[in-house]
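**Q** Input structure: start-v5.cif, which contains mmCIF, C-alpha atoms.
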data_upload
loop_
_atom_site.group_PDB
_atom_site.id
_atom_site.type_symbol
_atom_site.label_atom_id
_atom_site.label_comp_id
_atom_site.auth_asym_id
_atom_site.auth_seq_id
_atom_site.Cartn_x
_atom_site.Cartn_y
_atom_site.Cartn_z
ATOM 1 C CA LEU A 1 14.300 8.429 6.874
ATOM 2 C CA ALA A 2 13.988 7.005 10.406
ATOM 3 C CA PRO A 3 15.728 10.009 12.117
ATOM 4 C CA LEU A 4 13.391 12.438 10.332
ATOM 5 C CA LEU A 5 10.302 10.491 11.375
ATOM 6 C CA ALA A 6 11.599 10.238 14.938
ATOM 7 C CA ALA A 7 11.830 14.049 15.039
ATOM 8 C CA LEU A 8 8.122 14.080 14.102
ATOM 9 C CA ALA A 9 7.333 11.714 17.006
ATOM 10 C CA VAL A 10 6.863 8.750 14.662
ATOM 11 C CA PRO A 11 9.449 6.193 15.806
ATOM 12 C CA VAL A 12 10.094 3.416 13.298
ATOM 13 C CA ALA A 13 12.637 0.705 12.644
ATOM 14 C CA ALA A 14 15.463 1.305 10.184
ATOM 15 C CA THR A 15 14.310 2.225 6.675
ATOM 16 C CA PRO A 16 15.943 1.703 3.262
ATOM 17 C CA PRO A 17 18.013 4.580 1.824
ATOM 18 C CA PHE A 18 15.820 7.585 1.054
ATOM 19 C CA ARG A 19 16.261 10.380 -1.507
ATOM 20 C CA PHE A 20 13.887 13.252 -2.233
ATOM 21 C CA ALA A 21 13.895 16.222 -4.591
ATOM 22 C CA GLY A 22 11.203 18.756 -5.448
ATOM 23 C CA ARG A 23 10.338 22.424 -5.852
ATOM 24 C CA LEU A 24 8.521 23.964 -2.876
ATOM 25 C CA THR A 25 6.607 27.201 -3.451
ATOM 26 C CA ASP A 26 4.427 29.387 -1.242
ATOM 27 C CA VAL A 27 0.848 29.652 -2.509
ATOM 28 C CA GLU A 28 -2.196 31.362 -1.095
ATOM 29 C CA ARG A 29 -3.198 29.660 2.181
ATOM 30 C CA GLY A 30 -0.600 26.906 1.868
ATOM 31 C CA TRP A 31 2.285 25.284 0.023
ATOM 32 C CA ARG A 32 2.821 23.522 -3.298
ATOM 33 C CA LEU A 33 5.397 20.873 -4.105
ATOM 34 C CA ARG A 34 6.213 20.310 -7.778
ATOM 35 C CA ASN A 35 8.613 18.147 -9.756
ATOM 36 C CA VAL A 36 8.713 15.555 -6.994
ATOM 37 C CA ALA A 37 11.230 12.760 -7.461
ATOM 38 C CA ALA A 38 11.420 10.436 -4.471
ATOM 39 C CA ARG A 39 13.202 7.135 -3.977
ATOM 40 C CA LEU A 40 12.999 4.719 -1.039
ATOM 41 C CA GLY A 41 15.087 1.612 -1.539
ATOM 42 C CA GLU A 42 14.034 0.263 -4.944
ATOM 43 C CA SER A 43 10.732 2.163 -4.935
ATOM 44 C CA ARG A 44 10.306 5.393 -6.916
ATOM 45 C CA MET A 45 7.592 8.048 -7.003
ATOM 46 C CA GLU A 46 7.032 11.206 -9.063
ATOM 47 C CA GLY A 47 4.407 13.914 -9.275
ATOM 48 C CA GLU A 48 3.147 16.949 -7.380
ATOM 49 C CA ALA A 49 1.231 17.804 -4.221
ATOM 50 C CA SER A 50 -0.146 20.804 -2.359
ATOM 51 C CA VAL A 51 -1.472 21.476 1.128
ATOM 52 C CA LEU A 52 -3.919 24.176 2.188
ATOM 53 C CA LEU A 53 -3.649 25.321 5.802
ATOM 54 C CA ALA A 54 -5.149 28.761 6.398
ATOM 55 C CA GLY A 55 -8.862 29.067 7.008
ATOM 56 C CA ARG A 56 -9.438 25.346 7.429
ATOM 57 C CA PRO A 57 -10.123 23.249 10.563
ATOM 58 C CA LYS A 58 -7.515 20.726 9.355
ATOM 59 C CA PRO A 59 -4.930 20.528 6.538
ATOM 60 C CA PHE A 60 -6.232 19.668 3.077
ATOM 61 C CA LEU A 61 -3.842 17.725 0.832
ATOM 62 C CA LYS A 62 -4.156 17.411 -2.957
ATOM 63 C CA PHE A 63 -1.841 15.214 -5.006
ATOM 64 C CA ASP A 64 -1.211 13.563 -8.339
ATOM 65 C CA LEU A 65 1.427 10.860 -7.952
ATOM 66 C CA VAL A 66 2.881 8.224 -10.251
ATOM 67 C CA ALA A 67 5.093 5.426 -8.959
ATOM 68 C CA PRO A 68 7.129 3.738 -11.714
ATOM 69 C CA SER A 69 7.948 1.011 -9.194
ATOM 70 C CA VAL A 70 6.938 0.104 -5.643
ATOM 71 C CA VAL A 71 8.505 -2.801 -3.731
ATOM 72 C CA THR A 72 6.408 -3.715 -0.691
ATOM 73 C CA SER A 73 9.426 -4.766 1.370
ATOM 74 C CA ASP A 74 10.685 -1.157 1.198
ATOM 75 C CA PHE A 75 7.700 -0.192 3.359
ATOM 76 C CA GLY A 76 7.836 -2.922 5.996
ATOM 77 C CA TRP A 77 8.871 -0.273 8.536
ATOM 78 C CA LEU A 78 5.339 1.164 8.332
ATOM 79 C CA ALA A 79 4.141 -1.938 10.184
ATOM 80 C CA SER A 80 6.427 -1.117 13.109
ATOM 81 C CA ALA A 81 5.067 2.437 13.092
ATOM 82 C CA GLY A 82 1.618 0.868 13.508
ATOM 83 C CA GLY A 83 2.711 -1.029 16.578
ATOM 84 C CA SER A 84 3.438 -4.528 15.275
ATOM 85 C CA GLY A 85 7.055 -4.327 16.307
ATOM 86 C CA SER A 86 8.335 -5.826 13.056
ATOM 87 C CA GLY A 87 9.926 -3.885 10.255
ATOM 88 C CA SER A 88 10.525 -6.440 7.540
ATOM 89 C CA GLY A 89 8.632 -8.612 5.149
ATOM 90 C CA GLY A 90 5.962 -7.948 2.575
ATOM 91 C CA GLY A 91 3.145 -9.524 0.677
ATOM 92 C CA ALA A 92 -0.301 -10.207 2.021
ATOM 93 C CA SER A 93 0.853 -11.621 5.338
ATOM 94 C CA GLY A 94 3.657 -11.007 7.806
ATOM 95 C CA PRO A 95 3.908 -7.702 9.687
ATOM 96 C CA TRP A 96 1.178 -6.025 7.654
ATOM 97 C CA MET A 97 -1.508 -8.284 9.112
ATOM 98 C CA ASP A 98 -0.729 -7.181 12.671
ATOM 99 C CA ALA A 99 0.008 -3.512 11.950
ATOM 100 C CA GLU A 100 -2.539 -1.127 13.437
ATOM 101 C CA LEU A 101 -4.636 0.791 10.927
ATOM 102 C CA PRO A 102 -3.599 4.483 10.954
ATOM 103 C CA THR A 103 -6.941 5.718 12.262
ATOM 104 C CA ALA A 104 -5.524 8.721 14.142
ATOM 105 C CA TRP A 105 -3.719 9.933 11.021
ATOM 106 C CA LEU A 106 -6.881 9.586 8.949
ATOM 107 C CA ARG A 107 -8.635 12.038 11.259
ATOM 108 C CA ARG A 108 -5.864 14.645 11.207
ATOM 109 C CA ALA A 109 -6.262 15.813 7.597
ATOM 110 C CA ASP A 110 -8.497 15.711 4.542
ATOM 111 C CA ALA A 111 -7.165 14.792 1.100
ATOM 112 C CA GLU A 112 -8.001 14.021 -2.495
ATOM 113 C CA GLY A 113 -5.891 12.942 -5.423
ATOM 114 C CA ASP A 114 -4.855 10.281 -7.875
ATOM 115 C CA LEU A 115 -2.317 7.514 -7.350
ATOM 116 C CA ARG A 116 -0.893 5.253 -10.065
ATOM 117 C CA VAL A 117 1.565 2.443 -9.450
ATOM 118 C CA GLU A 118 2.951 1.098 -12.696
ATOM 119 C CA ARG A 119 4.859 -1.833 -11.200
ATOM 120 C CA LEU A 120 4.023 -3.204 -7.734
ATOM 121 C CA GLU A 121 6.368 -5.949 -6.579
ATOM 122 C CA GLY A 122 5.913 -8.227 -3.582
ATOM 123 C CA LEU A 123 2.119 -8.460 -3.598
ATOM 124 C CA ALA A 124 2.195 -11.700 -5.604
ATOM 125 C CA THR A 125 4.684 -13.800 -7.545
ATOM 126 C CA GLU A 126 4.279 -11.443 -10.523
ATOM 127 C CA PRO A 127 4.375 -7.628 -10.597
ATOM 128 C CA ALA A 128 1.008 -5.900 -10.354
ATOM 129 C CA GLY A 129 -0.340 -2.489 -11.329
ATOM 130 C CA LEU A 130 -2.637 -0.202 -9.344
ATOM 131 C CA ARG A 131 -4.669 2.929 -10.024
ATOM 132 C CA ALA A 132 -6.841 4.679 -7.472
ATOM 133 C CA GLY A 133 -8.727 7.879 -6.909
ATOM 134 C CA VAL A 134 -8.222 8.812 -3.259
ATOM 135 C CA GLU A 135 -10.625 10.786 -1.087
ATOM 136 C CA LEU A 136 -10.170 11.342 2.646
ATOM 137 C CA LYS A 137 -12.713 13.409 4.546
ATOM 138 C CA ASP A 138 -13.490 13.497 8.269
ATOM 139 C CA GLY A 139 -11.708 10.198 8.891
ATOM 140 C CA ARG A 140 -13.376 8.368 5.989
ATOM 141 C CA LEU A 141 -10.943 7.060 3.386
ATOM 142 C CA ARG A 142 -12.266 5.916 0.005
ATOM 143 C CA LEU A 143 -10.317 4.491 -2.924
ATOM 144 C CA GLN A 144 -12.631 4.845 -5.919
ATOM 145 C CA PRO A 145 -12.245 4.102 -8.719
ATOM 146 C CA LEU A 146 -9.819 1.338 -7.782
ATOM 147 C CA ARG A 147 -8.196 -0.815 -10.462
ATOM 148 C CA ILE A 148 -5.708 -3.607 -9.771
ATOM 149 C CA GLU A 149 -3.940 -5.341 -12.651
ATOM 150 C CA LEU A 150 -2.784 -8.720 -11.371
ATOM 151 C CA ALA A 151 -2.216 -12.286 -12.540
ATOM 152 C CA GLY A 152 -2.938 -11.576 -16.191
ATOM 153 C CA GLY A 153 -6.294 -9.912 -15.516
ATOM 154 C CA ALA A 154 -7.810 -6.909 -13.798
ATOM 155 C CA ALA A 155 -10.109 -6.134 -10.878
ATOM 156 C CA GLU A 156 -12.080 -2.912 -10.480
ATOM 157 C CA GLY A 157 -14.143 -1.514 -7.631
ATOM 158 C CA SER A 158 -13.603 0.396 -4.408
ATOM 159 C CA ALA A 159 -12.091 0.143 -0.934
ATOM 160 C CA THR A 160 -13.028 2.083 2.200
ATOM 161 C CA VAL A 161 -11.817 2.635 5.740
ATOM 162 C CA GLU A 162 -14.187 4.371 8.166
ATOM 163 C CA ALA A 163 -12.309 5.846 11.135
ATOM 164 C CA ALA A 164 -14.524 8.812 12.026
ATOM 165 C CA ASP A 165 -15.805 7.242 15.274
ATOM 166 C CA THR A 166 -13.067 7.496 17.886
ATOM 167 C CA GLY A 167 -14.931 5.191 20.281
ATOM 168 C CA ALA A 168 -15.122 2.115 18.036
ATOM 169 C CA PRO A 169 -12.742 0.057 15.886
ATOM 170 C CA PRO A 170 -12.592 1.248 12.265
ATOM 171 C CA ARG A 171 -14.712 -0.377 9.560
ATOM 172 C CA ALA A 172 -13.151 -1.537 6.304
ATOM 173 C CA GLY A 173 -14.806 -2.608 3.072
ATOM 174 C CA LEU A 174 -13.745 -3.992 -0.301
ATOM 175 C CA ARG A 175 -15.783 -4.408 -3.485
ATOM 176 C CA LEU A 176 -14.142 -5.787 -6.622
ATOM 177 C CA GLU A 177 -15.285 -7.243 -9.937
ATOM 178 C CA ALA A 178 -12.568 -9.161 -11.800
ATOM 179 C CA ASP A 179 -12.041 -11.152 -14.959
ATOM 180 C CA GLY A 180 -9.244 -13.172 -16.533
ATOM 181 C CA LEU A 181 -7.252 -13.762 -13.325
ATOM 182 C CA ARG A 182 -4.796 -16.677 -13.339
ATOM 183 C CA LEU A 183 -5.257 -18.472 -10.036
ATOM 184 C CA GLY A 184 -1.663 -19.540 -9.372
ATOM 185 C CA PRO A 185 -0.122 -16.057 -9.047
ATOM 186 C CA LEU A 186 -3.265 -14.714 -7.360
ATOM 187 C CA LEU A 187 -3.377 -17.367 -4.617
ATOM 188 C CA ALA A 188 0.394 -17.089 -4.129
ATOM 189 C CA ALA A 189 -0.229 -13.633 -2.676
ATOM 190 C CA PHE A 190 -2.017 -15.380 0.202
ATOM 191 C CA GLY A 191 0.495 -18.206 0.633
ATOM 192 C CA ALA A 192 -1.697 -20.743 -1.179
ATOM 193 C CA GLY A 193 -0.163 -20.829 -4.645
ATOM 194 C CA GLU A 194 -0.432 -24.632 -4.968
ATOM 195 C CA VAL A 195 -4.116 -24.843 -4.090
ATOM 196 C CA ALA A 196 -5.478 -24.332 -7.599
ATOM 197 C CA SER A 197 -4.551 -23.478 -11.162
ATOM 198 C CA GLY A 198 -6.507 -22.243 -14.144
ATOM 199 C CA THR A 199 -8.289 -18.979 -14.814
ATOM 200 C CA ALA A 200 -11.023 -17.208 -12.887
ATOM 201 C CA SER A 201 -12.985 -16.016 -15.908
ATOM 202 C CA THR A 202 -15.205 -13.956 -13.597
ATOM 203 C CA ALA A 203 -14.937 -13.213 -9.888
ATOM 204 C CA SER A 204 -16.322 -10.721 -7.394
ATOM 205 C CA VAL A 205 -15.955 -9.924 -3.721
ATOM 206 C CA ASP A 206 -18.066 -7.729 -1.463
ATOM 207 C CA LEU A 207 -16.527 -7.885 1.988
ATOM 208 C CA ARG A 208 -16.799 -5.820 5.174
ATOM 209 C CA GLY A 209 -15.084 -6.070 8.528
ATOM 210 C CA ARG A 210 -14.161 -4.167 11.659
ATOM 211 C CA GLY A 211 -10.943 -4.135 13.659
ATOM 212 C CA THR A 212 -7.835 -2.204 14.617
ATOM 213 C CA THR A 213 -5.527 -4.441 12.514
ATOM 214 C CA LEU A 214 -5.882 -6.222 9.181
ATOM 215 C CA ARG A 215 -5.897 -9.546 11.025
ATOM 216 C CA GLU A 216 -8.843 -8.448 13.170
ATOM 217 C CA VAL A 217 -10.693 -7.178 10.099
ATOM 218 C CA ALA A 218 -10.079 -10.482 8.250
ATOM 219 C CA ALA A 219 -11.232 -12.539 11.264
ATOM 220 C CA GLY A 220 -14.602 -10.782 11.320
ATOM 221 C CA LEU A 221 -15.310 -10.484 7.596
ATOM 222 C CA ASP A 222 -18.900 -10.442 6.414
ATOM 223 C CA GLY A 223 -20.113 -10.510 2.820
ATOM 224 C CA ALA A 224 -19.824 -12.785 -0.201
ATOM 225 C CA ALA A 225 -17.364 -14.005 -2.828
ATOM 226 C CA ARG A 226 -18.324 -15.392 -6.236
ATOM 227 C CA PHE A 227 -16.194 -16.952 -8.957
ATOM 228 C CA ARG A 228 -16.142 -19.063 -12.103
ATOM 229 C CA ILE A 229 -13.015 -21.162 -12.809
ATOM 230 C CA ALA A 230 -12.299 -22.602 -16.252
ATOM 231 C CA ASP A 231 -9.764 -25.232 -17.354
ATOM 232 C CA GLY A 232 -7.888 -25.637 -14.109
ATOM 233 C CA SER A 233 -7.225 -27.988 -11.240
ATOM 234 C CA VAL A 234 -7.870 -28.036 -7.502
ATOM 235 C CA ARG A 235 -5.681 -29.604 -4.842
ATOM 236 C CA VAL A 236 -8.222 -30.265 -2.106
ATOM 237 C CA PRO A 237 -5.899 -30.718 0.929
ATOM 238 C CA GLY A 238 -4.396 -27.271 0.255
ATOM 239 C CA LEU A 239 -7.787 -25.624 0.494
ATOM 240 C CA ALA A 240 -7.535 -25.757 4.275
ATOM 241 C CA HIS A 241 -5.268 -22.708 4.017
ATOM 242 C CA LEU A 242 -8.181 -20.642 2.739
ATOM 243 C CA SER A 243 -10.694 -21.605 5.460
ATOM 244 C CA MET A 244 -14.290 -20.328 5.045
ATOM 245 C CA GLY A 245 -15.628 -23.813 4.281
ATOM 246 C CA LEU A 246 -13.959 -24.187 0.900
ATOM 247 C CA VAL A 247 -12.655 -27.673 1.693
ATOM 248 C CA GLU A 248 -16.126 -29.027 2.340
ATOM 249 C CA THR A 249 -17.606 -27.090 -0.585
ATOM 250 C CA PHE A 250 -15.162 -28.325 -3.196
ATOM 251 C CA GLY A 251 -15.096 -31.807 -1.747
ATOM 252 C CA ALA A 252 -18.847 -32.104 -2.189
ATOM 253 C CA VAL A 253 -18.938 -30.575 -5.659
ATOM 254 C CA LEU A 254 -16.016 -32.524 -7.075
ATOM 255 C CA GLY A 255 -16.664 -35.775 -5.258
ATOM 256 C CA VAL A 256 -13.162 -35.971 -3.838
ATOM 257 C CA GLY A 257 -11.860 -36.417 -0.372
ATOM 258 C CA GLY A 258 -8.361 -36.394 1.014
ATOM 259 C CA ALA A 259 -6.460 -37.346 -2.142
ATOM 260 C CA ALA A 260 -3.065 -35.691 -2.266
ATOM 261 C CA GLY A 261 -3.112 -35.043 -6.032
ATOM 262 C CA ALA A 262 -4.768 -32.236 -7.916
ATOM 263 C CA THR A 263 -8.191 -32.782 -9.483
ATOM 264 C CA PRO A 264 -8.781 -31.463 -13.040
ATOM 265 C CA VAL A 265 -11.658 -28.994 -13.288
ATOM 266 C CA ALA A 266 -13.275 -28.046 -16.591
ATOM 267 C CA CYS A 267 -15.577 -25.526 -14.909
ATOM 268 C CA ALA A 268 -16.261 -24.644 -11.275
ATOM 269 C CA ILE A 269 -18.728 -22.019 -10.074
ATOM 270 C CA GLY A 270 -18.817 -20.805 -6.487
ATOM 271 C CA ASP A 271 -21.104 -18.474 -4.535
ATOM 272 C CA LEU A 272 -19.700 -18.334 -1.023
ATOM 273 C CA PRO A 273 -21.146 -16.314 1.865
ATOM 274 C CA VAL A 274 -18.434 -15.198 4.282
#
What's the structure tokens form of this structure?
**A**
Amino acid sequence: LAPLLAALAVPVAATPPFRFAGRLTDVERGWRLRNVAARLGESRMEGEASVLLAGRPKPFLKFDLVAPSVVTSDFGWLASAGGSGSGSGGGASGPWMDAELPTAWLRRADAEGDLRVERLEGLATEPAGLRAGVELKDGRLRLQPLRIELAGGAAEGSATVEAADTGAPPRAGLRLEADGLRLGPLLAAFGAGEVASGTASTASVDLRGRGTTLREVAAGLDGAARFRIADGSVRVPGLAHLSMGLVETFGAVLGVGGAAGATPVACAIGDLPV
């Protein structure tokens, strides 16, 4: 895949083996691709897509795609395309955090469609599922409805990236309402799997940030996170990995300090401004 992308002026590091099949037909004002069967490494995708070109200021893409499996490490090369210079790794950290958001690409076309990932590997210690309605218009990307099945539960809401203003860093937002999430696999996605155990019976996030990379967006987050944990435990020293004042918050609520062991928690409720 790397030689093809290089011909399109998108230089990237080496990619996993790539295979693609589909039926391309000429339709009025554009093209349609049916019976798509694509494979990149261990990741697979199926579905159909079309693009309208004539009579429009920019291409308009429509799609309906289903991915039986997606392995995040198969797409580490996208981080190098964004300028991070690293083409390996996966999960919620690593090269993805320093990859530039594709703001220029978001302004080059409009799109709408549906995306379903039946098995997403590499986001956490357990496979996840994802469903999203996708709308891209004038540099504004919206994933709504957005549903993520993770850690034995599910989270629903929306995600946005605003890249219409070429003179300012893009804005990103995330709103999710979740229930029944097991904390161990969830926190493992952020490298903090030993911080807490138990179940987040309810949780919500409403976060906004601005930056050219995910790391910059995370550093300037604004919003709130709320949760209710039942029948779990908290290892206070590990909470330093999560920042945002959680160490002091839990230390005060639970009456613990620097003990190395985990503290049992029958119920913990948090309402944390970010």
**Q** So what do you get for atom CA of Thr160 of chain A versus atom CA of Arg116 of chain A, distance-wise?
**A**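 That distance, rounded to one decimal, is 17.5 Å.
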**Q** Which residues match the PyMOL selection byres ((chain A and resi 106) around 12) in the file above, as a ChimeraX atom specification?
**A** /A:58-61,101-105,107-111,135-142,160-166,170
**Q** Convert the current residue selection to file output with C-alpha atoms, as a CSV table (one decimal), keeping the file's coordinate frame.
**A**
chain,number,residue,atom,x,y,z
A,58,LYS,CA,-7.5,20.7,9.4
A,59,PRO,CA,-4.9,20.5,6.5
A,60,PHE,CA,-6.2,19.7,3.1
A,61,LEU,CA,-3.8,17.7,0.8
A,101,LEU,CA,-4.6,0.8,10.9
A,102,PRO,CA,-3.6,4.5,11.0
A,103,THR,CA,-6.9,5.7,12.3
A,104,ALA,CA,-5.5,8.7,14.1
A,105,TRP,CA,-3.7,9.9,11.0
A,107,ARG,CA,-8.6,12.0,11.3
A,108,ARG,CA,-5.9,14.6,11.2
A,109,ALA,CA,-6.3,15.8,7.6
A,110,ASP,CA,-8.5,15.7,4.5
A,111,ALA,CA,-7.2,14.8,1.1
A,135,GLU,CA,-10.6,10.8,-1.1
A,136,LEU,CA,-10.2,11.3,2.6
A,137,LYS,CA,-12.7,13.4,4.5
A,138,ASP,CA,-13.5,13.5,8.3
A,139,GLY,CA,-11.7,10.2,8.9
A,140,ARG,CA,-13.4,8.4,6.0
A,141,LEU,CA,-10.9,7.1,3.4
A,142,ARG,CA,-12.3,5.9,0.0
A,160,THR,CA,-13.0,2.1,2.2
A,161,VAL,CA,-11.8,2.6,5.7
A,162,GLU,CA,-14.2,4.4,8.2
A,163,ALA,CA,-12.3,5.8,11.1
A,164,ALA,CA,-14.5,8.8,12.0
A,165,ASP,CA,-15.8,7.2,15.3
A,166,THR,CA,-13.1,7.5,17.9
A,170,PRO,CA,-12.6,1.2,12.3
**Q** Which neighbours of Arg29 of chain A fall inside 8 Å, counting all atoms listed in the file, when residues of the same chain fewer than 2 positions from it are skipped, and could you give them as a PyMOL selection string?
**A** chain A and resi 27+31+52-55
**Q** Atoms to include: C-alpha atoms. Write the selected residues as an mmCIF file, in the coordinates of the input.
**A**
data_model
loop_
_atom_site.group_PDB
_atom_site.id
_atom_site.type_symbol
_atom_site.label_atom_id
_atom_site.label_comp_id
_atom_site.auth_asym_id
_atom_site.auth_seq_id
_atom_site.Cartn_x
_atom_site.Cartn_y
_atom_site.Cartn_z
ATOM 1 C CA VAL A 27 0.848 29.652 -2.509
ATOM 2 C CA TRP A 31 2.285 25.284 0.023
ATOM 3 C CA LEU A 52 -3.919 24.176 2.188
ATOM 4 C CA LEU A 53 -3.649 25.321 5.802
ATOM 5 C CA ALA A 54 -5.149 28.761 6.398
ATOM 6 C CA GLY A 55 -8.862 29.067 7.008
#
**Q** One decimal, in Å: what's the spacing between atom CA of Gly198 of chain A and atom CA of Pro127 of chain A?
**A**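 Taking atom CA of Gly198 of chain A as the start and atom CA of Pro127 of chain A as the end point, the length is 18.6 Å.
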**Q** If you apply the PyMOL selection byres ((chain A and resi 43) around 9) to this file, what residues do you get, as a PDB file with C-alpha atoms, in the frame of the given file?
**A**
ATOM      1  CA  ALA A  38      11.420  10.436  -4.471  1.00  0.00           C
ATOM      2  CA  ARG A  39      13.202   7.135  -3.977  1.00  0.00           C
ATOM      3  CA  LEU A  40      12.999   4.719  -1.039  1.00  0.00           C
ATOM      4  CA  GLY A  41      15.087   1.612  -1.539  1.00  0.00           C
ATOM      5  CA  GLU A  42      14.034   0.263  -4.944  1.00  0.00           C
ATOM      6  CA  ARG A  44      10.306   5.393  -6.916  1.00  0.00           C
ATOM      7  CA  MET A  45       7.592   8.048  -7.003  1.00  0.00           C
ATOM      8  CA  ALA A  67       5.093   5.426  -8.959  1.00  0.00           C
ATOM      9  CA  PRO A  68       7.129   3.738 -11.714  1.00  0.00           C
ATOM     10  CA  SER A  69       7.948   1.011  -9.194  1.00  0.00           C
ATOM     11  CA  VAL A  70       6.938   0.104  -5.643  1.00  0.00           C
ATOM     12  CA  VAL A  71       8.505  -2.801  -3.731  1.00  0.00           C
ATOM     13  CA  THR A  72       6.408  -3.715  -0.691  1.00  0.00           C
ATOM     14  CA  ASP A  74      10.685  -1.157   1.198  1.00  0.00           C
TER      15      ASP A  74
END
**Q** What is the atom CA of Val36 of chain A-atom CA of Gly22 of chain A distance in Å, reported with one decimal?
**A** 4.3 Å
**Q** Could you state which residues are captured by the PyMOL selection byres ((chain A and resi 129) around 8) in this file, as a ChimeraX atom specification?
**A** /A:116-120,127-128,130-131,148-150
